[in-house]
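**Student:** Dropping in entry-v1.txt, with compact mmCIF, C-alpha atoms and all ligand atoms.
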# COMPACT_ATOMS: atom_id res chain seq x y z
CA MET M 93 -78.30 -54.22 -51.91
CA GLN M 94 -80.96 -51.89 -50.59
CA SER M 95 -83.91 -50.30 -52.39
CA LYS M 96 -83.61 -46.85 -53.93
CA LYS M 97 -86.36 -45.69 -51.56
CA ILE M 98 -84.29 -46.62 -48.51
CA GLU M 99 -81.14 -45.16 -50.02
CA ASN M 100 -82.90 -41.84 -50.69
CA ALA M 101 -84.36 -41.75 -47.17
CA LEU M 102 -80.91 -42.42 -45.66
CA ASN M 103 -79.37 -39.70 -47.82
CA LYS M 104 -82.02 -37.27 -46.52
CA GLN M 105 -81.09 -38.37 -43.01
CA ILE M 106 -77.44 -37.55 -43.76
CA GLU M 107 -78.56 -34.02 -44.61
CA LEU M 108 -80.61 -33.72 -41.41
CA GLU M 109 -77.73 -34.91 -39.22
CA GLY M 110 -75.33 -32.60 -41.07
CA TYR M 111 -77.69 -29.67 -40.59
CA ALA M 112 -77.95 -30.53 -36.86
CA SER M 113 -74.15 -30.52 -36.66
CA PHE M 114 -73.86 -27.10 -38.29
CA THR M 115 -76.76 -25.69 -36.27
CA TYR M 116 -75.24 -26.80 -32.97
CA LEU M 117 -71.90 -25.39 -34.09
CA ALA M 118 -73.54 -22.01 -34.80
CA MET M 119 -75.29 -22.20 -31.42
CA ALA M 120 -72.01 -23.04 -29.68
CA GLY M 121 -70.41 -19.99 -31.30
CA TRP M 122 -73.26 -17.76 -30.11
CA CYS M 123 -72.98 -19.10 -26.54
CA ASP M 124 -69.22 -18.58 -26.63
CA ASN M 125 -69.73 -14.94 -27.58
CA GLU M 126 -72.30 -14.51 -24.80
CA GLY M 127 -69.78 -15.79 -22.24
CA LEU M 128 -71.76 -19.00 -21.67
CA GLU M 129 -68.83 -21.38 -21.73
CA GLY M 130 -70.59 -24.39 -20.24
CA CYS M 131 -73.38 -24.12 -22.83
CA ALA M 132 -70.83 -23.61 -25.63
CA GLN M 133 -68.82 -26.67 -24.61
CA PHE M 134 -72.00 -28.76 -24.50
CA LEU M 135 -73.02 -27.62 -28.01
CA TYR M 136 -69.55 -28.07 -29.52
CA ARG M 137 -69.70 -31.66 -28.34
CA GLN M 138 -73.23 -32.09 -29.74
CA ALA M 139 -72.03 -30.71 -33.08
CA ASP M 140 -69.24 -33.30 -33.19
CA GLU M 141 -71.66 -36.07 -32.26
CA GLU M 142 -74.08 -35.08 -35.03
CA ARG M 143 -71.24 -35.21 -37.53
CA GLU M 144 -70.47 -38.72 -36.33
CA HIS M 145 -74.15 -39.66 -36.78
CA MET M 146 -73.97 -38.31 -40.33
CA MET M 147 -70.76 -40.19 -41.12
CA LYS M 148 -72.08 -43.49 -39.76
CA ILE M 149 -74.96 -43.35 -42.27
CA PHE M 150 -72.62 -42.19 -45.04
CA HIS M 151 -70.38 -45.24 -44.55
CA TYR M 152 -73.35 -47.57 -44.15
CA ILE M 153 -74.87 -46.58 -47.51
CA ASN M 154 -71.57 -47.21 -49.29
CA GLU M 155 -71.05 -50.46 -47.42
CA VAL M 156 -74.32 -51.85 -48.81
CA ASP M 157 -73.29 -50.84 -52.32
CA GLY M 158 -75.32 -47.63 -52.52
CA ASN M 159 -74.25 -44.06 -53.17
CA ALA M 160 -73.88 -41.78 -50.17
CA VAL M 161 -74.48 -38.16 -51.16
CA THR M 162 -72.54 -35.31 -49.56
CA PRO M 163 -75.27 -32.86 -48.55
CA GLY M 164 -75.46 -29.16 -49.37
CA ILE M 165 -76.04 -27.70 -45.93
CA LYS M 166 -77.94 -24.44 -45.66
CA GLN M 167 -76.65 -21.72 -43.33
CA PRO M 168 -78.14 -22.14 -39.85
CA PRO M 169 -79.24 -19.08 -37.82
CA THR M 170 -76.30 -17.40 -36.10
CA SER M 171 -78.10 -15.39 -33.45
CA TYR M 172 -80.69 -16.32 -30.83
CA GLU M 173 -83.08 -14.42 -28.56
CA SER M 174 -81.91 -16.17 -25.42
CA VAL M 175 -80.24 -19.35 -24.24
CA GLN M 176 -83.69 -20.67 -23.27
CA GLN M 177 -84.98 -20.13 -26.81
CA LEU M 178 -81.84 -21.75 -28.20
CA PHE M 179 -82.33 -24.96 -26.20
CA LYS M 180 -86.01 -25.06 -27.13
CA LEU M 181 -84.88 -25.06 -30.78
CA VAL M 182 -82.42 -27.88 -30.05
CA TYR M 183 -85.24 -29.95 -28.54
CA GLU M 184 -87.53 -29.22 -31.52
CA HIS M 185 -84.78 -30.26 -33.92
CA GLU M 186 -84.16 -33.50 -32.03
CA LYS M 187 -87.89 -34.31 -32.21
CA LYS M 188 -87.75 -33.75 -35.97
CA VAL M 189 -84.75 -36.10 -36.23
CA THR M 190 -86.58 -38.74 -34.17
CA LYS M 191 -89.61 -38.54 -36.45
CA SER M 192 -87.42 -38.93 -39.49
CA ILE M 193 -85.65 -41.99 -38.03
CA ASN M 194 -89.04 -43.52 -37.15
CA ASP M 195 -90.25 -42.92 -40.71
CA ILE M 196 -87.22 -44.73 -42.13
CA VAL M 197 -87.75 -47.60 -39.67
CA ALA M 198 -91.35 -47.88 -40.94
CA LEU M 199 -90.07 -47.86 -44.53
CA CYS M 200 -87.62 -50.67 -43.66
CA TYR M 201 -90.56 -52.83 -42.56
CA GLU M 202 -92.37 -52.08 -45.81
CA GLU M 203 -89.30 -52.88 -47.91
CA LYS M 204 -88.35 -55.89 -45.74
CA ASP M 205 -84.88 -54.37 -45.28
CA HIS M 206 -83.79 -56.10 -42.08
CA ALA M 207 -80.16 -55.01 -42.31
CA THR M 208 -81.06 -51.30 -42.34
CA LEU M 209 -83.69 -51.90 -39.67
CA ASN M 210 -80.98 -53.40 -37.52
CA PHE M 211 -78.55 -50.57 -38.32
CA LEU M 212 -81.16 -47.96 -37.30
CA GLN M 213 -81.75 -49.42 -33.84
CA TRP M 214 -78.71 -47.52 -32.57
CA TYR M 215 -80.34 -44.26 -33.79
CA VAL M 216 -83.66 -45.12 -32.16
CA GLU M 217 -81.92 -45.49 -28.80
CA GLU M 218 -79.73 -42.41 -29.35
CA GLN M 219 -82.77 -40.26 -30.11
CA ARG M 220 -84.57 -41.46 -26.97
CA GLU M 221 -81.53 -40.45 -24.91
CA GLU M 222 -81.07 -37.10 -26.70
CA GLU M 223 -84.70 -36.09 -26.27
CA ALA M 224 -84.61 -37.02 -22.57
CA LEU M 225 -81.42 -35.00 -22.08
CA MET M 226 -82.81 -31.92 -23.83
CA ARG M 227 -86.04 -32.13 -21.83
CA SER M 228 -84.07 -32.28 -18.59
CA ILE M 229 -82.02 -29.22 -19.62
CA LEU M 230 -85.24 -27.30 -20.37
CA ASP M 231 -86.65 -28.36 -16.97
CA ILE M 232 -83.53 -27.08 -15.21
CA MET M 233 -83.77 -23.76 -17.07
CA LYS M 234 -87.41 -23.45 -16.05
CA LEU M 235 -86.51 -24.06 -12.40
CA ILE M 236 -83.72 -21.48 -12.47
CA GLY M 237 -86.00 -18.94 -14.15
CA THR M 238 -84.87 -15.68 -15.71
CA GLY M 239 -84.03 -13.62 -12.62
CA PRO M 240 -80.69 -11.90 -11.94
CA GLN M 241 -77.70 -14.25 -12.25
CA SER M 242 -79.88 -16.93 -13.85
CA LEU M 243 -77.43 -17.17 -16.77
CA TYR M 244 -74.60 -17.82 -14.32
CA TYR M 245 -76.53 -20.70 -12.73
CA ILE M 246 -77.65 -22.13 -16.07
CA ASP M 247 -74.05 -22.18 -17.26
CA LYS M 248 -72.88 -23.85 -14.02
CA GLU M 249 -75.54 -26.53 -14.53
CA MET M 250 -74.34 -27.06 -18.09
CA GLU M 251 -70.80 -27.52 -16.79
CA ARG M 252 -72.11 -30.21 -14.44
CA ILE M 253 -73.95 -31.90 -17.34
CA ASN M 254 -70.79 -31.74 -19.47
CA LYS M 255 -68.84 -33.58 -16.77
CA GLU M 256 -71.54 -36.27 -16.57
CA GLU M 257 -71.60 -36.66 -20.34
CA GLU M 258 -67.80 -36.91 -20.50
CA LYS M 259 -67.89 -39.58 -17.80
CA ALA M 260 -70.57 -41.52 -19.69
CA ASP M 261 -68.58 -41.23 -22.96
CA ALA M 262 -65.45 -42.55 -21.24
CA GLN M 263 -67.39 -45.58 -20.00
CA ASN M 264 -68.71 -46.44 -23.49
FE1 LIG M 301 -78.27 -37.19 -34.61
O1 LIG M 301 -79.68 -36.18 -34.17
FE2 LIG M 301 -79.35 -35.58 -32.45
O2 LIG M 301 -78.78 -37.01 -31.63
Take the structure in the file and give it back as structure tokens.

**Tutor:**
Amino acid sequence: MQSKKIENALNKQIELEGYASFTYLAMAGWCDNEGLEGCAQFLYRQADEEREHMMKIFHYINEVDGNAVTPGIKQPPTSYESVQQLFKLVYEHEKKVTKSINDIVALCYEEKDHATLNFLQWYVEEQREEEALMRSILDIMKLIGTGPQSLYYIDKEMERINKEEEKADAQN
């Protein structure tokens, strides 16, 4: 049985992960419409992953005899200035998610909730990986710049990243 404080914090995390899923879905749709298929594919996969993150917490809360709350997700933006701006927003959102996970970890220490602390270790590692991945994408975009055909090269790079991610997923 976990404290109400932890349960509430985890329910807020469900909302954050759900919002990330919907945001990345909206971003994927925008990329699709812009002809950026590699970027779209990457974001569709991220959207699915975020839903999995949300569901993992949902099941965990119920498993420890709490009440998982289905979140009301607000409509994410559906248009973006550029693909560079879009990925900057992804990185900012991931940093927000990391902060939130770290806050719940700190709360677990306060509440002496070792089970949830243990459960959250997977998220701590996932966030480290996600932030590193988003930073590397932003670095690649910076190197390519915004000259003619830059979108073509960015999308090719995203296709390469998608293949690497698929390979890594298959190994796990
Ligand atoms: Fe689940 O927030 Fe990104 O990874």

**Student:** How far is it from CA of Glu202 in chain M to CA of Gly164 in chain M, in Å with one decimal?

**Tutor:** 28.7 Å

**Student:** Let me make sure I understand: among M:Glu251, M:Glu155, M:Glu141, M:Glu126, which one has the smallest atom-to-atom distance to ligand LIG 301 (chain M) if we use only C-alpha atoms and all ligand atoms?

**Tutor:** M:Glu141

**Student:** Grab the CA of Asp247 in chain M to CA of Val216 in chain M distance for me, in Å with one decimal place.

**Tutor:**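 Atom-to-atom, CA of Asp247 in chain M and CA of Val216 in chain M are spaced 29.0 Å apart.
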
**Student:** Counting all atoms listed in the file, which of M:Val182, M:Ile229, M:Ala118, M:His206 gets nearest to Gln167 in chain M?

**Tutor:**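 So, comparing all the options, the nearest one is M:Ala118.
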
**Student:** Taking all atoms listed in the file into account, list the residues no farther than 7 Å from ligand LIG 301 (chain M), as a ChimeraX atom specification.

**Tutor:** /M:109,112,142,145,186,189,218-219,222

**Student:** Taking only C-alpha atoms into account, which of M:Asn103, M:Ser174, M:Gln94, M:Gln138 comes nearest Ile246 in chain M?

**Tutor:**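 Nearest to Ile246 in chain M: M:Ser174.
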
**Student:** Taking into account all atoms listed in the file, which residue in the set M:Glu221, M:Asp231, M:Asp195, M:Glu258 is nearest to Gln105 in chain M?

**Tutor:**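 Ranking M:Glu221, M:Asp231, M:Asp195, M:Glu258 by distance to Gln105 in chain M, first place goes to M:Asp195.
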
**Student:** Between M:Leu117, M:Ile153, M:Ile232, M:Ile98, which has the minimum distance to Pro168 in chain M (counting only C-alpha atoms)?

**Tutor:** M:Leu117

**Student:** Out of M:Gly237, M:Leu102, M:Asn254, M:Tyr244, which residue has the shortest atom-to-atom distance to Leu212 in chain M when counting only C-alpha atoms?

**Tutor:**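 The answer is M:Leu102, which sits nearest to Leu212 in chain M.
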
**Student:** Would you work out the distance separating CA of Glu217 in chain M from CA of Ile236 in chain M, expressed in Å to one decimal?

**Tutor:**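 According to the coordinates, CA of Glu217 in chain M and CA of Ile236 in chain M are separated by 29.1 Å.
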
**Student:** Which neighbours of Glu257 in chain M fall inside 10 Å, counting all atoms listed in the file, when residues of the same chain fewer than 6 positions from it are skipped, and could you give them as a PyMOL selection string?

**Tutor:** chain M and resi 134+137+251+263

**Student:** Any idea what's packed within 12 Å of Ser228 in chain M, counting only C-alpha atoms, ignoring anything in its chain fewer than 4 positions away? Could you give it as an MDAnalysis selection string?

**Tutor:** chainID M and resid 179:180 183 221:224 232:235 249:250 253

**Student:** In file coordinates, which residues lie within 9 Å of (-76.4, -42.7, -45.8) using only C-alpha atoms, given as a count of residues only?

**Tutor:** 21

**Student:** For Ser113 in chain M, find every residue with an atom within 6 Å (counting all atoms listed in the file), except residues of its own chain fewer than 2 positions away, and show them as a list in words.

**Tutor:**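 So, after excluding close chain neighbours, the residues are Gly110, Tyr111, Thr115, Tyr116, Ala139, Glu142 and Arg143 of chain M.
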
**Student:** Go ahead and dump the residues you just picked, C-alpha atoms, as a short mmCIF file (atom, residue, chain, number, x, y, z; two decimals), keeping the file's coordinate frame.

**Tutor:**
data_model
loop_
_atom_site.label_atom_id
_atom_site.label_comp_id
_atom_site.auth_asym_id
_atom_site.auth_seq_id
_atom_site.Cartn_x
_atom_site.Cartn_y
_atom_site.Cartn_z
CA GLY M 110 -75.33 -32.60 -41.07
CA TYR M 111 -77.69 -29.67 -40.59
CA THR M 115 -76.76 -25.69 -36.27
CA TYR M 116 -75.24 -26.80 -32.97
CA ALA M 139 -72.03 -30.71 -33.08
CA GLU M 142 -74.08 -35.08 -35.03
CA ARG M 143 -71.24 -35.21 -37.53
#
